[in-house]
>>> print(open('structure_32.cif').read())   # mmCIF, C-alpha atoms
data_target
#
loop_
_atom_site.group_PDB
_atom_site.id
_atom_site.type_symbol
_atom_site.label_atom_id
_atom_site.label_comp_id
_atom_site.auth_asym_id
_atom_site.auth_seq_id
_atom_site.Cartn_x
_atom_site.Cartn_y
_atom_site.Cartn_z
ATOM 1 C CA MET A 1 -13.157 20.970 9.424
ATOM 2 C CA ALA A 2 -15.118 20.059 6.278
ATOM 3 C CA VAL A 3 -12.781 22.110 4.096
ATOM 4 C CA GLU A 4 -9.797 20.359 5.656
ATOM 5 C CA ARG A 5 -11.282 16.953 4.859
ATOM 6 C CA VAL A 6 -11.822 17.957 1.254
ATOM 7 C CA MET A 7 -8.227 19.179 1.048
ATOM 8 C CA ILE A 8 -6.927 15.901 2.486
ATOM 9 C CA ARG A 9 -9.111 13.856 0.124
ATOM 10 C CA GLU A 10 -7.793 15.817 -2.865
ATOM 11 C CA ALA A 11 -4.216 15.237 -1.726
ATOM 12 C CA ILE A 12 -4.903 11.506 -1.377
ATOM 13 C CA GLU A 13 -6.490 11.247 -4.819
ATOM 14 C CA ARG A 14 -3.549 13.059 -6.418
ATOM 15 C CA CYS A 15 -0.910 11.419 -4.197
ATOM 16 C CA ASP A 16 0.253 14.966 -3.544
ATOM 17 C CA THR A 17 2.477 15.264 -0.491
ATOM 18 C CA ASP A 18 4.710 18.019 -1.825
ATOM 19 C CA GLY A 19 2.095 20.637 -2.615
ATOM 20 C CA GLY A 20 0.727 23.151 -0.203
ATOM 21 C CA ILE A 21 -2.559 21.328 0.240
ATOM 22 C CA LEU A 22 -1.563 19.723 3.535
ATOM 23 C CA LYS A 23 0.294 22.624 5.129
ATOM 24 C CA ASP A 24 -2.862 24.079 6.694
ATOM 25 C CA THR A 25 -4.174 20.796 8.080
ATOM 26 C CA ASP A 26 -4.074 19.683 11.701
ATOM 27 C CA ASN A 27 -1.250 17.144 11.257
ATOM 28 C CA PRO A 28 0.488 17.433 7.861
ATOM 29 C CA GLU A 29 3.192 14.852 8.616
ATOM 30 C CA LYS A 30 0.640 12.191 9.548
ATOM 31 C CA HIS A 31 -1.346 12.926 6.405
ATOM 32 C CA LYS A 32 1.820 12.676 4.299
ATOM 33 C CA ARG A 33 2.554 9.252 5.779
ATOM 34 C CA ASP A 34 -1.041 8.168 5.152
ATOM 35 C CA ILE A 35 -0.910 9.350 1.541
ATOM 36 C CA TRP A 36 2.375 7.513 0.997
ATOM 37 C CA THR A 37 0.888 4.337 2.512
ATOM 38 C CA ILE A 38 -2.198 4.552 0.294
ATOM 39 C CA ALA A 39 -0.020 5.148 -2.775
ATOM 40 C CA MET A 40 2.035 2.057 -1.960
ATOM 41 C CA MET A 41 -1.127 0.005 -1.417
ATOM 42 C CA ARG A 42 -2.438 1.139 -4.815
ATOM 43 C CA ARG A 43 0.827 0.125 -6.468
ATOM 44 C CA GLU A 44 0.842 -3.273 -4.763
ATOM 45 C CA TYR A 45 -2.756 -3.833 -5.847
ATOM 46 C CA GLU A 46 -1.818 -2.995 -9.455
ATOM 47 C CA VAL A 47 0.982 -5.558 -9.328
ATOM 48 C CA PHE A 48 -1.312 -8.173 -7.766
ATOM 49 C CA ASP A 49 -4.052 -7.460 -10.292
ATOM 50 C CA SER A 50 -1.630 -7.720 -13.208
ATOM 51 C CA PHE A 51 -0.484 -11.098 -11.840
ATOM 52 C CA LEU A 52 -4.073 -12.348 -11.849
ATOM 53 C CA ASN A 53 -4.447 -11.330 -15.482
ATOM 54 C CA VAL A 54 -1.472 -13.404 -16.655
ATOM 55 C CA PRO A 55 -2.498 -15.533 -19.648
ATOM 56 C CA GLY A 56 -2.094 -19.283 -19.518
ATOM 57 C CA ASN A 57 -4.352 -20.103 -16.618
ATOM 58 C CA HIS A 58 -7.140 -21.929 -18.400
ATOM 59 C CA ASN A 59 -9.157 -23.286 -15.492
ATOM 60 C CA GLY A 60 -9.425 -20.087 -13.467
ATOM 61 C CA TYR A 61 -7.472 -21.436 -10.495
ATOM 62 C CA TYR A 62 -4.115 -20.320 -9.224
ATOM 63 C CA THR A 63 -1.793 -22.645 -7.390
#
>>> encode(input="structure_32.cif", output="structure tokens")
Amino acid sequence: MAVERVMIREAIERCDTDGGILKDTDNPEKHKRDIWTIAMMRREYEVFDSFLNVPGNHNGYYT
């Protein structure tokens, strides 16, 4: 069980759904969906964060 968790964590960190890391886990399809969801959340956060760093907002507030 602990080895499986490490394998899943590595797949999440690498966004690796195609490799053989997940094939020996209890539910590879669920883990693939979870990894895809996390990857999309990371991307959306990057976009949001880049929006907050747009120059021209001198008072620190966004409207």
>>> residues_around(input="structure_32.cif", residues="range 17-21 of chain A", least_positions_apart="3", cutoff="7 Å", atoms="only C-alpha atoms", output="PyMOL selection string")
chain A and resi 7+11+32
>>> closest_residue(input="structure_32.cif", among="A:Ala2, A:Met41, A:Ile35, A:Asn53", to="Asp16 in chain A", atoms="all atoms listed in the file")
A:Ile35
>>> closest_residue(input="structure_32.cif", among="A:Pro55, A:Arg9, A:Cys15, A:His31", to="Arg43 in chain A", atoms="only C-alpha atoms")
A:Cys15
>>> residues_near_point(input="structure_32.cif", point="(-2.9, 24.0, 7.1)", cutoff="12 Å", atoms="all atoms listed in the file", output="PyMOL selection string")
chain A and resi 1+3-5+7-8+19-29+31
>>> atom_distance(input="structure_32.cif", atom1="CA of Glu46 in chain A", atom2="CA of Arg14 in chain A")
16.4 Å
>>> axis_aligned_box(input="structure_32.cif", around="range 35-40 of chain A", padding_each_side="6 Å", output="AutoDock Vina command-line options")
--center_x 0.1 --center_y 5.7 --center_z -0.1 --size_x 16.6 --size_y 19.3 --size_z 17.3
